[in-house]
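Structure file target09.cif; described as mmCIF, C-alpha atoms.
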```cif
data_my_file
loop_
_atom_site.label_atom_id
_atom_site.label_comp_id
_atom_site.auth_asym_id
_atom_site.auth_seq_id
_atom_site.Cartn_x
_atom_site.Cartn_y
_atom_site.Cartn_z
CA MET A 202 115.40 162.50 104.11
CA VAL A 203 115.92 158.75 103.94
CA THR A 204 112.33 158.17 102.85
CA ALA A 205 112.72 160.75 100.09
CA LEU A 206 115.79 158.86 98.90
CA LEU A 207 113.98 155.54 98.99
CA LEU A 208 111.09 157.01 96.99
CA LEU A 209 113.46 158.42 94.39
CA LEU A 210 115.55 155.28 94.02
CA PRO A 211 113.10 153.14 91.97
CA VAL A 212 112.32 156.09 89.67
CA VAL A 213 115.99 156.70 89.04
CA LEU A 214 116.71 153.01 88.51
CA PHE A 215 113.81 152.78 86.05
CA LEU A 216 115.09 155.77 84.10
CA TYR A 217 118.62 154.41 83.95
CA TYR A 218 117.32 151.00 82.93
CA SER A 219 115.04 152.12 80.13
CA PHE A 220 117.24 154.78 78.57
CA ASP A 221 120.86 154.61 77.57
CA PRO A 222 122.76 157.70 78.71
CA ALA A 223 125.31 156.97 75.97
CA THR A 224 122.82 157.63 73.19
CA ASP A 225 119.87 159.52 74.67
CA PRO A 226 120.40 163.25 74.95
CA PHE A 227 118.42 164.29 78.00
CA PHE A 228 120.70 163.03 80.77
CA PRO A 229 122.67 165.71 82.62
CA ILE A 230 126.15 166.48 81.35
CA CYS A 231 128.99 166.91 83.80
CA PRO A 232 129.51 170.65 84.30
CA PHE A 233 133.20 170.12 84.95
CA ARG A 234 133.58 168.31 81.65
CA ALA A 235 131.53 170.90 79.80
CA VAL A 236 133.80 173.67 81.04
CA THR A 237 137.24 172.08 80.97
CA GLY A 238 136.90 169.15 78.57
CA LEU A 239 138.50 166.91 81.19
CA GLU A 240 136.73 164.01 82.85
CA CYS A 241 135.67 164.30 86.48
CA PRO A 242 135.80 161.28 88.82
CA GLY A 243 132.12 160.63 88.18
CA CYS A 244 132.07 160.86 84.40
CA GLY A 245 130.74 157.68 82.88
CA SER A 246 128.92 156.54 86.00
CA GLN A 247 125.48 157.06 84.44
CA ARG A 248 126.47 154.86 81.49
CA ALA A 249 128.01 152.44 83.99
CA ILE A 250 124.75 152.22 85.95
CA HIS A 251 122.88 151.55 82.69
CA SER A 252 125.33 148.80 81.77
CA LEU A 253 125.14 147.26 85.22
CA LEU A 254 121.34 147.20 85.13
CA HIS A 255 121.59 145.35 81.81
CA LEU A 256 124.12 142.96 83.35
CA HIS A 257 127.15 144.09 81.38
CA PRO A 258 129.68 144.50 84.20
CA GLY A 259 132.59 144.67 81.76
CA ASP A 260 131.16 147.71 80.00
CA ALA A 261 130.37 149.29 83.35
CA LEU A 262 133.97 148.90 84.49
CA ALA A 263 135.20 150.46 81.26
CA TYR A 264 132.89 153.45 81.65
CA ASN A 265 133.80 154.24 85.24
CA ALA A 266 135.68 151.66 87.27
CA LEU A 267 135.81 153.73 90.44
CA MET A 268 132.07 154.20 90.76
CA VAL A 269 131.36 150.53 90.05
CA LEU A 270 133.81 149.58 92.79
CA ALA A 271 132.28 152.22 95.08
CA LEU A 272 128.79 150.74 94.78
CA PRO A 273 129.36 147.91 97.29
CA TYR A 274 130.93 150.46 99.66
CA ILE A 275 127.87 152.72 99.33
CA LEU A 276 125.46 149.83 99.89
CA LEU A 277 127.51 148.77 102.91
CA GLY A 278 127.26 152.31 104.26
CA PHE A 279 123.47 152.25 103.88
CA TRP A 280 123.31 148.94 105.67
CA LEU A 281 125.58 150.06 108.52
CA GLU A 282 123.80 153.35 109.10
CA TRP A 283 120.13 152.68 108.50
CA LEU A 284 119.57 148.93 108.64
CA GLY A 285 121.22 148.37 112.00
CA GLY A 286 124.47 146.89 110.72
CA GLY A 287 126.54 149.47 112.58
CA LYS A 288 125.10 148.43 115.93
CA ARG A 289 125.92 144.81 115.32
CA TYR A 290 129.38 145.46 113.90
CA PRO A 291 130.57 148.77 115.37
CA ARG A 292 134.20 147.85 114.65
CA LEU A 293 133.49 147.35 110.97
CA GLN A 294 131.81 150.72 110.84
CA ARG A 295 134.69 152.41 112.61
CA PHE A 296 137.15 150.77 110.23
CA LEU A 297 135.33 151.52 106.97
CA PHE A 298 133.76 154.84 107.91
CA GLY A 299 136.23 156.39 110.32
CA ARG A 300 138.43 159.41 110.00
CA TRP A 301 141.21 157.65 108.13
CA SER A 302 138.92 155.84 105.73
CA ALA A 303 137.34 159.19 104.82
CA LEU A 304 140.80 160.46 103.97
CA VAL A 305 141.57 157.33 101.95
CA VAL A 306 138.30 157.70 100.02
CA LEU A 307 139.07 161.31 99.18
CA LEU A 308 142.62 160.44 98.10
CA LEU A 309 141.32 157.56 95.94
CA VAL A 310 138.85 159.87 94.22
CA LEU A 311 141.56 162.48 93.67
CA SER A 312 144.09 160.01 92.25
CA PHE A 313 141.43 158.46 90.00
CA TRP A 314 140.56 161.97 88.81
CA ILE A 315 144.16 162.78 87.93
CA GLY A 316 144.91 159.30 86.63
CA ARG A 317 142.06 159.04 84.16
CA ASN A 318 142.94 162.37 82.58
CA VAL A 319 146.67 161.66 82.36
CA PHE A 320 146.62 158.08 81.06
CA MET B 217 124.81 186.24 143.83
CA ASN B 218 127.11 185.98 146.86
CA ARG B 219 129.85 183.43 147.26
CA TYR B 220 129.89 181.64 150.60
CA PHE B 221 132.40 180.06 152.95
CA TYR B 222 131.26 177.31 155.25
CA ILE B 223 132.74 175.36 158.18
CA ASP B 224 132.69 171.62 157.60
CA THR B 225 132.19 168.93 160.24
CA GLU B 226 135.91 168.84 160.98
CA GLY B 227 135.98 172.57 161.65
CA LYS B 228 137.79 173.49 158.46
CA GLN B 229 136.84 176.55 156.48
CA LYS B 230 135.80 175.74 152.88
CA GLY B 231 135.01 178.11 150.07
CA THR B 232 134.01 179.88 148.15
CA PHE B 233 130.81 178.49 146.67
CA SER B 234 127.78 180.01 145.01
CA PRO B 235 124.44 178.89 146.48
CA GLU B 236 124.09 176.42 143.58
CA GLU B 237 127.49 174.94 144.24
CA LEU B 238 126.65 174.62 147.93
CA ARG B 239 124.03 172.06 146.94
CA GLN B 240 126.84 169.68 146.10
CA GLU B 241 128.50 170.30 149.48
CA PRO B 242 127.56 168.65 152.77
CA VAL B 243 125.87 171.80 154.07
CA LYS B 244 123.20 171.20 156.70
CA ARG B 245 120.80 173.56 158.42
CA ASP B 246 123.18 174.18 161.31
CA THR B 247 126.34 174.50 159.20
CA LEU B 248 128.00 177.86 159.78
CA VAL B 249 128.31 179.97 156.66
CA TRP B 250 129.72 183.37 155.89
CA THR B 251 129.72 185.72 152.92
CA GLN B 252 130.78 189.28 152.26
CA GLY B 253 128.69 191.81 154.17
CA MET B 254 127.90 189.49 157.06
CA GLU B 255 129.16 190.56 160.50
CA GLN B 256 129.64 187.02 161.74
CA TRP B 257 129.14 183.36 160.83
CA LYS B 258 125.54 182.29 160.69
CA ARG B 259 123.69 179.01 160.57
CA ALA B 260 122.87 178.23 156.93
CA GLU B 261 119.13 178.08 157.55
CA GLU B 262 119.16 181.67 158.80
CA VAL B 263 120.50 183.03 155.51
CA ALA B 264 117.62 183.93 153.20
CA GLU B 265 119.55 183.19 150.02
CA LEU B 266 120.37 179.68 151.19
CA SER B 267 116.89 178.76 152.40
CA LEU B 268 116.30 177.10 149.05
CA LEU B 269 118.96 174.54 149.92
CA PHE B 270 116.74 173.05 152.59
CA ASP B 271 113.38 173.39 150.92
CA PRO B 272 112.50 170.01 149.39
CA THR B 273 110.09 171.61 146.93
CA SER B 274 112.60 174.22 145.82
CA SER B 275 113.73 172.21 142.82
CA MET B 276 110.29 172.67 141.33
CA GLN B 277 109.72 176.25 142.45
CA ALA B 278 113.08 177.67 141.56
CA PRO B 279 114.25 176.75 138.06
CA THR B 280 117.53 178.57 138.58
CA MET B 281 118.37 176.25 141.43
CA ALA B 282 117.22 173.15 139.56
CA ALA B 283 119.20 173.95 136.44
CA PRO B 284 122.67 173.00 137.71
CA GLN B 285 121.33 169.69 138.95
CA THR B 286 119.82 168.74 135.62
CA SER B 287 122.80 169.96 133.65
CA ALA B 288 125.20 168.18 135.95
CA ALA B 289 123.37 164.88 135.74
CA PRO B 290 123.71 164.11 132.00
CA THR B 291 127.46 164.73 131.74
CA PRO B 292 128.76 161.59 133.47
CA GLN B 293 126.68 159.21 131.33
CA ALA B 294 127.01 161.32 128.20
CA GLN B 295 130.78 161.18 128.39
CA GLN B 296 130.67 157.49 127.58
CA MET B 297 128.63 157.97 124.41
CA MET B 298 130.11 159.71 121.42
CA PRO B 299 127.69 162.12 119.73
CA LYS B 300 126.51 161.01 116.31
CA SER B 301 129.51 161.49 114.05
CA TRP B 302 127.65 161.61 110.70
CA MET B 303 130.69 159.97 109.13
CA VAL B 304 128.79 157.40 107.06
CA GLU B 305 126.27 159.92 105.79
CA SER B 306 128.86 162.54 104.94
CA ILE B 307 131.01 160.07 103.00
CA LEU B 308 127.98 158.86 101.05
CA VAL B 309 126.90 162.42 100.38
CA THR B 310 130.35 163.09 98.95
CA ILE B 311 130.47 160.05 96.66
CA LEU B 312 126.89 160.02 95.37
CA PRO B 313 126.95 163.37 93.50
CA PHE B 314 129.72 162.01 91.27
CA MET B 315 127.28 159.40 90.03
CA LEU B 316 124.72 162.03 89.09
CA CYS B 317 127.11 164.32 87.27
CA SER B 318 126.89 167.00 89.90
CA SER B 319 130.41 166.74 91.21
CA PHE B 320 130.40 170.30 92.52
CA PHE B 321 127.92 169.24 95.24
CA SER B 322 130.63 166.98 96.60
CA LEU B 323 132.28 170.05 98.09
CA LEU B 324 129.40 170.29 100.57
CA GLY B 325 129.98 166.64 101.45
CA ILE B 326 133.67 167.33 102.06
CA ILE B 327 132.77 170.11 104.50
CA ALA B 328 130.52 167.60 106.29
CA ILE B 329 133.36 165.04 106.38
CA VAL B 330 135.71 167.58 107.97
CA TYR B 331 133.21 168.29 110.75
CA ALA B 332 132.46 164.58 111.15
CA ALA B 333 136.16 163.86 111.63
CA GLN B 334 136.30 166.61 114.27
CA VAL B 335 133.54 164.89 116.27
CA GLU B 336 135.74 161.86 116.74
CA SER B 337 138.94 163.72 117.56
CA PHE B 338 137.28 166.16 119.96
CA PHE B 339 135.57 163.26 121.70
CA ASN B 340 138.78 161.29 122.01
CA ARG B 341 140.42 164.36 123.51
CA GLY B 342 137.63 164.53 126.08
CA ASP B 343 136.18 167.80 124.86
CA TYR B 344 132.57 166.72 124.90
CA ALA B 345 131.01 170.13 124.24
CA ALA B 346 133.14 170.70 121.15
CA ALA B 347 132.30 167.21 119.89
CA VAL B 348 128.58 167.95 120.20
CA GLU B 349 129.06 171.22 118.34
CA ALA B 350 130.99 169.51 115.52
CA SER B 351 128.29 166.85 115.37
CA HIS B 352 125.62 169.50 114.86
CA ALA B 353 127.66 171.16 112.13
CA ALA B 354 128.32 167.83 110.39
CA GLY B 355 124.63 167.01 110.51
CA LYS B 356 123.71 170.40 109.12
CA TRP B 357 126.06 170.16 106.14
CA THR B 358 125.12 166.55 105.44
CA ARG B 359 121.46 167.52 105.34
CA ILE B 360 122.13 170.53 103.12
CA ALA B 361 124.13 168.39 100.69
CA MET B 362 121.54 165.61 100.74
CA TRP B 363 118.58 167.87 100.06
CA ILE B 364 120.39 169.64 97.26
CA ALA B 365 121.19 166.25 95.72
CA ILE B 366 117.55 165.16 96.08
CA GLY B 367 116.43 168.44 94.49
CA TRP B 368 118.89 167.89 91.65
CA VAL B 369 117.57 164.39 90.96
CA LEU B 370 113.98 165.67 91.01
CA LEU B 371 114.97 168.38 88.56
CA ILE B 372 116.42 165.78 86.18
CA ILE B 373 113.29 163.64 86.43
CA ILE B 374 111.04 166.62 85.79
CA ALA B 375 113.20 167.66 82.84
CA ILE B 376 112.96 164.18 81.35
CA ILE B 377 109.18 164.08 81.78
CA LEU B 378 108.83 167.55 80.21
CA MET B 379 110.98 166.37 77.33
CA PHE B 380 108.65 163.47 76.71
CA VAL B 381 105.56 165.65 76.90
CA PHE B 382 107.22 168.01 74.42
CA VAL B 383 108.27 165.26 72.01
CA GLY B 384 104.86 163.63 72.32
CA SER B 385 102.99 166.81 71.60
CA MET B 386 105.22 167.57 68.60
CA ALA B 387 104.52 164.09 67.24
CA GLY B 388 100.81 164.60 67.81
CA LEU B 389 101.00 167.96 66.06
CA GLY B 390 102.77 166.37 63.11
CA GLU B 391 100.07 163.73 62.80
CA LEU B 392 97.43 166.44 62.94
CA LEU B 393 99.10 168.35 60.15
CA ASN B 394 99.48 165.25 57.98
CA THR B 395 95.81 164.29 58.09
#
```
For the file at hand, write its structure as C-alpha coordinates.
Amino acid sequence: MVTALLLLLPVVLFLYYSFDPATDPFFPICPFRAVTGLECPGCGSQRAIHSLLHLHPGDALAYNALMVLALPYILLGFWLEWLGGGKRYPRLQRFLFGRWSALVVLLLVLSFWIGRNVF
Amino acid sequence: MNRYFYIDTEGKQKGTFSPEELRQEPVKRDTLVWTQGMEQWKRAEEVAELSLLFDPTSSMQAPTMAAPQTSAAPTPQAQQMMPKSWMVESILVTILPFMLCSSFFSLLGIIAIVYAAQVESFFNRGDYAAAVEASHAAGKWTRIAMWIAIGWVLLIIIAIILMFVFVGSMAGLGELLNT
(Lines of atoms letter the chains of each structure in order from A and count residues from 1; the text may use other names and numbers.)
(Lines give C-alpha, C1' and ligand atoms only; values in the text may rest on other atoms or scores of the structure.)
Protein backbone atom coordinates (compact mmCIF):
# COMPACT_ATOMS: atom_id res chain seq x y z
CA MET A 1 0.00 0.00 0.00
CA VAL A 2 2.74 2.42 0.98
CA THR A 3 4.85 1.44 -2.02
CA ALA A 4 1.90 2.02 -4.33
CA LEU A 5 1.54 5.49 -2.83
CA LEU A 6 5.23 6.23 -3.25
CA LEU A 7 5.08 5.10 -6.89
CA LEU A 8 2.07 7.31 -7.57
CA LEU A 9 3.44 10.39 -5.84
CA PRO A 10 6.01 11.49 -8.50
CA VAL A 11 3.48 10.93 -11.30
CA VAL A 12 0.89 13.02 -9.52
CA LEU A 13 3.39 15.75 -8.69
CA PHE A 14 4.54 15.83 -12.32
CA LEU A 15 0.96 16.17 -13.55
CA TYR A 16 0.18 18.95 -11.10
CA TYR A 17 3.41 20.72 -11.99
CA SER A 18 3.05 20.63 -15.75
CA PHE A 19 -0.65 21.40 -16.02
CA ASP A 20 -2.66 24.13 -14.39
CA PRO A 21 -5.93 22.79 -12.97
CA ALA A 22 -7.31 26.33 -13.18
CA THR A 23 -7.18 26.36 -16.98
CA ASP A 24 -6.82 22.78 -18.18
CA PRO A 25 -10.08 20.88 -18.40
CA PHE A 26 -9.17 17.29 -17.64
CA PHE A 27 -8.70 17.47 -13.87
CA PRO A 28 -11.49 15.94 -11.79
CA ILE A 29 -14.26 18.25 -10.65
CA CYS A 30 -15.53 18.03 -7.10
CA PRO A 31 -18.75 15.98 -7.17
CA PHE A 32 -20.11 17.90 -4.19
CA ARG A 33 -19.61 21.18 -6.01
CA ALA A 34 -21.07 19.82 -9.23
CA VAL A 35 -24.24 18.80 -7.43
CA THR A 36 -24.77 21.60 -4.93
CA GLY A 37 -22.76 24.52 -6.32
CA LEU A 38 -21.17 24.94 -2.89
CA GLU A 39 -17.48 24.48 -2.21
CA CYS A 40 -16.31 21.43 -0.28
CA PRO A 41 -13.36 21.65 2.15
CA GLY A 42 -11.04 20.36 -0.56
CA CYS A 43 -12.08 22.62 -3.43
CA GLY A 44 -9.13 24.56 -4.75
CA SER A 45 -6.52 22.19 -3.39
CA GLN A 46 -5.49 21.00 -6.86
CA ARG A 47 -4.91 24.61 -7.94
CA ALA A 48 -3.16 25.18 -4.61
CA ILE A 49 -0.80 22.25 -5.23
CA HIS A 50 -0.03 23.65 -8.69
CA SER A 51 0.70 27.07 -7.23
CA LEU A 52 2.87 25.60 -4.49
CA LEU A 53 4.90 23.59 -6.99
CA HIS A 54 5.51 26.83 -8.90
CA LEU A 55 6.48 28.55 -5.64
CA HIS A 56 3.50 30.87 -5.37
CA PRO A 57 2.49 30.25 -1.74
CA GLY A 58 0.24 33.31 -1.70
CA ASP A 59 -1.90 32.01 -4.54
CA ALA A 60 -1.98 28.59 -2.91
CA LEU A 61 -3.30 30.06 0.33
CA ALA A 62 -5.98 31.95 -1.58
CA TYR A 63 -7.11 28.81 -3.40
CA ASN A 64 -7.40 26.61 -0.32
CA ALA A 65 -5.80 27.75 2.91
CA LEU A 66 -6.82 24.70 4.91
CA MET A 67 -5.15 22.17 2.63
CA VAL A 68 -1.95 24.21 2.41
CA LEU A 69 -1.83 24.34 6.19
CA ALA A 70 -2.64 20.62 6.35
CA LEU A 71 0.34 19.67 4.18
CA PRO A 72 2.93 19.92 6.99
CA TYR A 73 0.58 17.91 9.21
CA ILE A 74 0.27 15.21 6.53
CA LEU A 75 4.04 15.08 5.99
CA LEU A 76 4.53 14.87 9.75
CA GLY A 77 2.09 11.96 9.85
CA PHE A 78 4.05 10.14 7.14
CA TRP A 79 7.25 10.70 9.03
CA LEU A 80 5.81 9.54 12.37
CA GLU A 81 4.20 6.42 10.97
CA TRP A 82 6.54 5.13 8.30
CA LEU A 83 9.93 6.76 8.82
CA GLY A 84 10.30 5.83 12.47
CA GLY A 85 9.49 9.24 13.93
CA GLY A 86 6.73 7.81 16.10
CA LYS A 87 9.13 5.45 17.85
CA ARG A 88 11.50 8.25 18.68
CA TYR A 89 8.82 10.71 19.73
CA PRO A 90 5.83 8.65 20.90
CA ARG A 91 4.50 11.60 22.90
CA LEU A 92 4.42 13.82 19.83
CA GLN A 93 2.52 11.16 17.95
CA ARG A 94 0.03 10.71 20.77
CA PHE A 95 -0.48 14.47 20.95
CA LEU A 96 -0.89 15.13 17.21
CA PHE A 97 -2.56 11.87 16.21
CA GLY A 98 -4.56 10.87 19.26
CA ARG A 99 -8.27 10.66 19.82
CA TRP A 100 -8.73 14.33 20.60
CA SER A 101 -6.61 15.57 17.73
CA ALA A 102 -8.72 13.47 15.35
CA LEU A 103 -11.79 15.23 16.68
CA VAL A 104 -10.11 18.63 16.35
CA VAL A 105 -9.13 17.85 12.74
CA LEU A 106 -12.69 16.86 11.88
CA LEU A 107 -14.10 19.98 13.55
CA LEU A 108 -11.58 22.18 11.72
CA VAL A 109 -12.56 20.66 8.38
CA LEU A 110 -16.24 21.10 9.18
CA SER A 111 -15.90 24.73 10.27
CA PHE A 112 -13.76 25.53 7.22
CA TRP A 113 -16.44 23.91 5.07
CA ILE A 114 -19.21 26.02 6.58
CA GLY A 115 -17.07 29.14 6.82
CA ARG A 116 -15.93 29.27 3.21
CA ASN A 117 -19.48 28.97 1.93
CA VAL A 118 -20.93 31.55 4.32
CA PHE A 119 -18.28 34.28 4.07
CA MET B 1 -15.06 -32.82 30.42
CA ASN B 2 -15.35 -33.34 34.19
CA ARG B 3 -14.62 -30.71 36.77
CA TYR B 4 -12.41 -31.84 39.63
CA PHE B 5 -11.89 -31.09 43.30
CA TYR B 6 -8.50 -31.69 44.82
CA ILE B 7 -7.01 -31.69 48.33
CA ASP B 8 -4.07 -29.33 48.65
CA THR B 9 -0.98 -29.83 50.81
CA GLU B 10 -2.70 -28.19 53.79
CA GLY B 11 -5.63 -30.59 53.55
CA LYS B 12 -8.08 -28.07 52.18
CA GLN B 13 -10.54 -28.98 49.48
CA LYS B 14 -10.17 -26.83 46.33
CA GLY B 15 -12.35 -26.76 43.27
CA THR B 16 -13.72 -27.06 40.84
CA PHE B 17 -11.24 -27.14 37.97
CA SER B 18 -11.26 -28.58 34.48
CA PRO B 19 -8.24 -30.75 33.64
CA GLU B 20 -6.72 -27.77 31.79
CA GLU B 21 -7.15 -25.51 34.78
CA LEU B 22 -5.58 -28.14 37.02
CA ARG B 23 -2.35 -27.59 35.13
CA GLN B 24 -2.08 -24.21 36.81
CA GLU B 25 -2.67 -25.78 40.24
CA PRO B 26 -0.06 -27.50 42.40
CA VAL B 27 -1.43 -30.95 41.62
CA LYS B 28 1.08 -33.78 41.95
CA ARG B 29 0.83 -37.47 41.19
CA ASP B 30 -0.26 -38.32 44.72
CA THR B 31 -2.68 -35.40 45.14
CA LEU B 32 -6.16 -36.67 45.94
CA VAL B 33 -8.79 -35.66 43.41
CA TRP B 34 -12.49 -36.23 43.06
CA THR B 35 -15.10 -35.61 40.39
CA GLN B 36 -18.72 -36.53 39.85
CA GLY B 37 -19.23 -40.25 39.38
CA MET B 38 -16.24 -41.28 41.48
CA GLU B 39 -16.98 -43.34 44.61
CA GLN B 40 -14.06 -41.95 46.56
CA TRP B 41 -11.02 -39.68 46.32
CA LYS B 42 -8.27 -41.00 44.11
CA ARG B 43 -4.65 -40.18 43.51
CA ALA B 44 -4.43 -37.90 40.46
CA GLU B 45 -2.19 -40.28 38.54
CA GLU B 46 -4.84 -43.00 38.74
CA VAL B 47 -7.43 -40.90 36.89
CA ALA B 48 -7.19 -41.50 33.16
CA GLU B 49 -8.35 -38.02 32.21
CA LEU B 50 -5.63 -36.42 34.33
CA SER B 51 -2.76 -38.61 33.16
CA LEU B 52 -1.88 -35.91 30.65
CA LEU B 53 -0.99 -33.62 33.54
CA PHE B 54 2.02 -35.74 34.38
CA ASP B 55 3.13 -36.72 30.92
CA PRO B 56 5.99 -34.41 29.92
CA THR B 57 5.38 -35.04 26.22
CA SER B 58 1.67 -34.35 26.49
CA SER B 59 2.01 -30.74 25.42
CA MET B 60 3.10 -31.94 22.02
CA GLN B 61 0.74 -34.90 21.73
CA ALA B 62 -2.40 -33.25 22.95
CA PRO B 63 -3.09 -29.89 21.32
CA THR B 64 -6.18 -29.38 23.44
CA MET B 65 -4.06 -29.48 26.56
CA ALA B 66 -1.37 -27.25 25.08
CA ALA B 67 -3.79 -24.61 23.89
CA PRO B 68 -4.55 -22.98 27.26
CA GLN B 69 -0.85 -22.72 27.99
CA THR B 70 -0.05 -20.93 24.76
CA SER B 71 -3.09 -18.69 24.98
CA ALA B 72 -2.36 -17.87 28.59
CA ALA B 73 1.24 -16.97 27.93
CA PRO B 74 0.82 -13.98 25.56
CA THR B 75 -1.73 -12.08 27.66
CA PRO B 76 0.55 -10.76 30.41
CA GLN B 77 3.09 -9.28 27.99
CA ALA B 78 0.46 -8.24 25.46
CA GLN B 79 -1.37 -6.20 28.06
CA GLN B 80 1.51 -3.76 28.16
CA MET B 81 1.46 -3.13 24.41
CA MET B 82 -1.44 -1.35 22.80
CA PRO B 83 -2.53 -2.91 19.50
CA LYS B 84 -1.80 -0.80 16.45
CA SER B 85 -4.31 2.03 16.62
CA TRP B 86 -4.21 3.07 12.93
CA MET B 87 -4.84 6.63 14.07
CA VAL B 88 -2.22 8.28 11.86
CA GLU B 89 -3.25 6.34 8.77
CA SER B 90 -6.95 6.89 9.28
CA ILE B 91 -6.52 10.65 9.75
CA LEU B 92 -4.40 10.87 6.61
CA VAL B 93 -6.88 8.77 4.68
CA THR B 94 -9.59 11.22 5.71
CA ILE B 95 -7.71 14.39 4.74
CA LEU B 96 -6.10 13.24 1.48
CA PRO B 97 -9.30 12.65 -0.54
CA PHE B 98 -10.17 16.33 -0.12
CA MET B 99 -7.04 17.18 -2.07
CA LEU B 100 -8.06 14.94 -4.95
CA CYS B 101 -11.62 16.19 -5.22
CA SER B 102 -13.07 12.95 -3.99
CA SER B 103 -14.41 14.21 -0.69
CA PHE B 104 -17.01 11.44 -0.47
CA PHE B 105 -14.20 8.92 0.15
CA SER B 106 -13.47 10.77 3.37
CA LEU B 107 -16.50 9.08 4.89
CA LEU B 108 -14.59 5.79 4.81
CA GLY B 109 -11.71 7.52 6.59
CA ILE B 110 -14.08 8.80 9.28
CA ILE B 111 -15.30 5.25 9.91
CA ALA B 112 -11.64 4.23 10.30
CA ILE B 113 -11.03 7.12 12.73
CA VAL B 114 -13.98 6.04 14.89
CA TYR B 115 -12.59 2.51 15.18
CA ALA B 116 -9.06 3.84 15.75
CA ALA B 117 -10.32 5.96 18.64
CA GLN B 118 -12.02 2.89 20.11
CA VAL B 119 -8.70 1.02 20.15
CA GLU B 120 -7.26 3.57 22.54
CA SER B 121 -10.28 3.81 24.83
CA PHE B 122 -10.83 0.06 25.01
CA PHE B 123 -7.16 -0.43 25.79
CA ASN B 124 -7.17 2.21 28.50
CA ARG B 125 -10.19 0.52 30.03
CA GLY B 126 -8.26 -2.76 30.09
CA ASP B 127 -10.45 -4.55 27.58
CA TYR B 128 -7.65 -5.98 25.51
CA ALA B 129 -9.76 -8.27 23.31
CA ALA B 130 -12.08 -5.43 22.29
CA ALA B 131 -9.08 -3.22 21.54
CA VAL B 132 -7.65 -5.87 19.22
CA GLU B 133 -11.01 -6.18 17.49
CA ALA B 134 -11.29 -2.41 17.01
CA SER B 135 -7.73 -2.37 15.71
CA HIS B 136 -8.61 -4.95 13.06
CA ALA B 137 -11.67 -2.98 12.03
CA ALA B 138 -9.71 0.28 11.85
CA GLY B 139 -7.06 -1.39 9.73
CA LYS B 140 -9.67 -2.85 7.41
CA TRP B 141 -11.41 0.47 6.79
CA THR B 142 -8.13 2.34 6.41
CA ARG B 143 -7.02 -0.14 3.78
CA ILE B 144 -10.35 0.02 1.95
CA ALA B 145 -10.22 3.82 1.89
CA MET B 146 -6.58 3.86 0.84
CA TRP B 147 -7.02 1.44 -2.04
CA ILE B 148 -10.08 3.26 -3.30
CA ALA B 149 -8.09 6.51 -3.22
CA ILE B 150 -5.19 4.85 -5.08
CA GLY B 151 -7.65 3.48 -7.65
CA TRP B 152 -9.17 6.93 -8.04
CA VAL B 153 -5.77 8.54 -8.68
CA LEU B 154 -4.91 5.82 -11.21
CA LEU B 155 -8.22 6.47 -12.94
CA ILE B 156 -7.42 10.18 -13.22
CA ILE B 157 -3.97 9.45 -14.61
CA ILE B 158 -5.36 7.00 -17.15
CA ALA B 159 -8.03 9.51 -18.15
CA ILE B 160 -5.42 12.21 -18.68
CA ILE B 161 -3.24 9.89 -20.78
CA LEU B 162 -6.25 8.83 -22.87
CA MET B 163 -7.10 12.48 -23.36
CA PHE B 164 -3.65 13.15 -24.72
CA VAL B 165 -3.76 10.14 -27.02
CA PHE B 166 -7.14 11.36 -28.27
CA VAL B 167 -6.01 14.95 -28.79
CA GLY B 168 -2.80 13.75 -30.43
CA SER B 169 -4.58 11.46 -32.83
CA MET B 170 -7.08 14.19 -33.75
CA ALA B 171 -4.19 16.55 -34.49
CA GLY B 172 -2.52 13.85 -36.56
CA LEU B 173 -5.76 13.26 -38.42
CA GLY B 174 -6.10 16.97 -39.12
CA GLU B 175 -2.58 17.10 -40.55
CA LEU B 176 -3.37 14.09 -42.71
CA LEU B 177 -6.47 15.75 -44.08
CA ASN B 178 -4.65 19.01 -44.79
CA THR B 179 -1.90 17.43 -46.87
Got a sec to pull out which chain B residues are within 9 Å of chain A, counting all atoms listed in the file, and send them as a PyMOL selection string? chain B and resi 303-305+307-308+310-320+326+329-330+332-334+336-337+359+362-363+366+369-370+372-373+375-376+379
Ground truth for the PyMOL selection byres ((chain B and resi 335) around 12), written as an MDAnalysis selection string: (chainID A and resid 299:300) or (chainID B and resid 297:303 328:334 336:355)
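Atom to atom, atom CA of Gly238 of chain A and atom CA of Ala361 of chain B stand 25.6 Å apart.
With only C-alpha atoms as the atoms that count, the minimum distance from His255 of chain A to the choices A:Pro273, A:Thr237, A:Tyr217, A:Gly285 is reached by A:Tyr217.
Going from atom CA of Lys230 of chain B to atom CA of Ala264 of chain B covers 19.9 Å.
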